[in-house]
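Novice: Handing you this structure, nothing more for now.
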Amino acid sequence: MNIAFFLMPKSEVVHMPINSTMREALEKMEHHRYTAIPLTDADGHYVGTLTEGDLLWAIKERDLFSVRDLEKIPLEEVDRHFQHDPVSIYEDIQALLSLALEQNFVPVVDDNGTFIGIVTRKAVIEFFAEDYMNTHRLKSRFIDD
């Protein structure tokens with residue numbers, strides 16, 4: 001089993017370029033009802049994850065009171081308070097599991113650090129829960145015979 005099995009490809013993932021504004025990020029997160037989104041640079045490399053908390057802290061620290069104020073601040077100027085570490089598509093499943101324990105989603109990158117998608121914690125839990133249930137059913141059948 002490899003990480004690609006769990007991958008939600010970049011084309012299906014809400015993500016933003018780091019040179020977007022706070023307003024754009026806030027609106028995108030609100031529209032999709034997400035609490036965090038991956039950020040990429042101009043070359044498509046994963047550079048971090050922006051959270052609602054990061055935006056709220058930036059608003060508080062800068063005394064921003066209008067949406068117009070948010071249009072002036074690029075995301076590269078917003079401090080991120082938690083690092084969502086990425087995993088390489090070629091790493092073993094243990095690396096993914098370790099990160100999924102700590103993060104709601106795990107960004108996935110290729111050998112060049114290019115963002116290629118995410119693996120959600122939910123996808124990992126669902127897979128292992130189904131596997132456990134299937135294994136449990138098989139064992140109980142053998143015991144009953």
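Numbering starts fresh at 1 for the residues of each chain in the structure tokens, the chains themselves are lettered A, B, ... in the order given, and ligands are numbered from 1 as they appear.
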Show me, as a PDB file with C-alpha atoms, in the first residue's frame, the residues that have an atom within 12 Å of A:Lys72 when counting only C-alpha atoms, minus same-chain residues fewer than 6 positions from it.
Specialist:
```
ATOM      1  CA  ASN A  19       0.582  35.901  -2.986  1.00  0.00           C
ATOM      2  CA  SER A  20      -3.222  35.915  -2.560  1.00  0.00           C
ATOM      3  CA  THR A  21      -4.695  38.397  -0.109  1.00  0.00           C
ATOM      4  CA  MET A  22      -6.197  37.807   3.293  1.00  0.00           C
ATOM      5  CA  ARG A  23      -9.594  38.728   1.877  1.00  0.00           C
ATOM      6  CA  GLU A  24      -9.332  36.146  -0.896  1.00  0.00           C
ATOM      7  CA  ILE A  59      -6.608  40.696  12.003  1.00  0.00           C
ATOM      8  CA  ARG A  62      -3.033  44.653  12.756  1.00  0.00           C
ATOM      9  CA  LEU A  64      -8.070  45.418  10.879  1.00  0.00           C
ATOM     10  CA  SER A  66     -12.911  46.231   7.376  1.00  0.00           C
ATOM     11  CA  VAL A  78       0.523  36.378   7.641  1.00  0.00           C
TER      12      VAL A  78
END
```
Novice: Among chain A, which ones does DSSP place in strand (DSSP E or B), written as a PyMOL selection string?
Specialist: chain A and resi 8-9+16-17+21+36-40+45-51+74+87-88+105-109+114-120
Novice: Let me see the file: selected residues, C-alpha atoms, as a compact mmCIF listing (two decimals), in the first residue's frame.
Specialist:
```txt
# COMPACT_ATOMS: atom_id res chain seq x y z
CA MET A 8 -7.02 13.53 -3.20
CA PRO A 9 -5.40 15.17 -6.25
CA MET A 16 -4.25 29.13 -2.76
CA PRO A 17 -1.13 30.87 -4.00
CA THR A 21 -4.70 38.40 -0.11
CA ALA A 36 -7.43 25.41 6.76
CA ILE A 37 -6.08 25.42 3.20
CA PRO A 38 -2.71 24.56 1.65
CA LEU A 39 -0.60 27.38 0.22
CA THR A 40 1.67 27.19 -2.81
CA HIS A 45 5.62 24.17 -4.35
CA TYR A 46 3.87 23.59 -1.06
CA VAL A 47 4.85 26.39 1.34
CA GLY A 48 2.52 25.82 4.28
CA THR A 49 -1.04 25.76 5.45
CA LEU A 50 -3.17 28.75 6.36
CA THR A 51 -5.73 28.34 9.15
CA PRO A 74 -0.79 39.24 1.05
CA VAL A 87 4.74 13.87 3.01
CA SER A 88 6.43 12.75 -0.19
CA PHE A 105 -4.97 16.61 6.39
CA VAL A 106 -1.50 15.83 5.13
CA PRO A 107 -0.18 17.76 2.12
CA VAL A 108 1.50 15.51 -0.44
CA VAL A 109 4.43 16.62 -2.57
CA THR A 114 5.53 20.42 -5.83
CA PHE A 115 2.12 20.21 -4.21
CA ILE A 116 0.18 17.32 -5.77
CA GLY A 117 -2.72 16.91 -3.32
CA ILE A 118 -3.69 15.95 0.19
CA VAL A 119 -4.61 12.93 2.25
CA THR A 120 -7.36 13.60 4.75
```
Novice: Residues within 8 Å of A:Glu91, please, as a ChimeraX atom specification. Count only C-alpha atoms; anything in the same chain fewer than 4 positions from it doesn't count.
Specialist: /A:2-3,87,95-96
Novice: Take the selection from the previous step and output its residues with C-alpha atoms, as a short mmCIF file (atom, residue, chain, number, x, y, z; two decimals), in the first residue's frame.
Specialist:
```cif
data_model
loop_
_atom_site.label_atom_id
_atom_site.label_comp_id
_atom_site.auth_asym_id
_atom_site.auth_seq_id
_atom_site.Cartn_x
_atom_site.Cartn_y
_atom_site.Cartn_z
CA ASN A 2 1.31 3.45 -0.82
CA ILE A 3 0.30 7.04 -0.23
CA VAL A 87 4.74 13.87 3.01
CA ALA A 95 5.16 8.54 7.56
CA LEU A 96 1.60 9.33 6.48
#
```
Novice: Would you mind writing down, as an MDAnalysis selection string, each residue of chain A that DSSP on the backbone assigns to alpha helix (DSSP H)?
Specialist: chainID A and resid 22:32 52:62 67:70 93:102 121:144
Novice: How far is it from atom CA of A:Ala58 to atom CA of A:Asp79, in Å with one decimal?
Specialist: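 Taking atom CA of A:Ala58 and atom CA of A:Asp79, their separation equals 7.3 Å.
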Novice: Counting only C-alpha atoms, figure out which residue out of A:Glu52, A:Glu12, A:Glu130, A:Glu30 gets nearest to A:Phe82.
Specialist: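 That would be A:Glu52, the residue with the smallest distance to A:Phe82.
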Novice: State, in Å with one decimal place, the distance from atom CA of A:Glu27 to atom CA of A:Phe6.
Specialist: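 Answer for the atom CA of A:Glu27 to atom CA of A:Phe6 separation: 27.9 Å.
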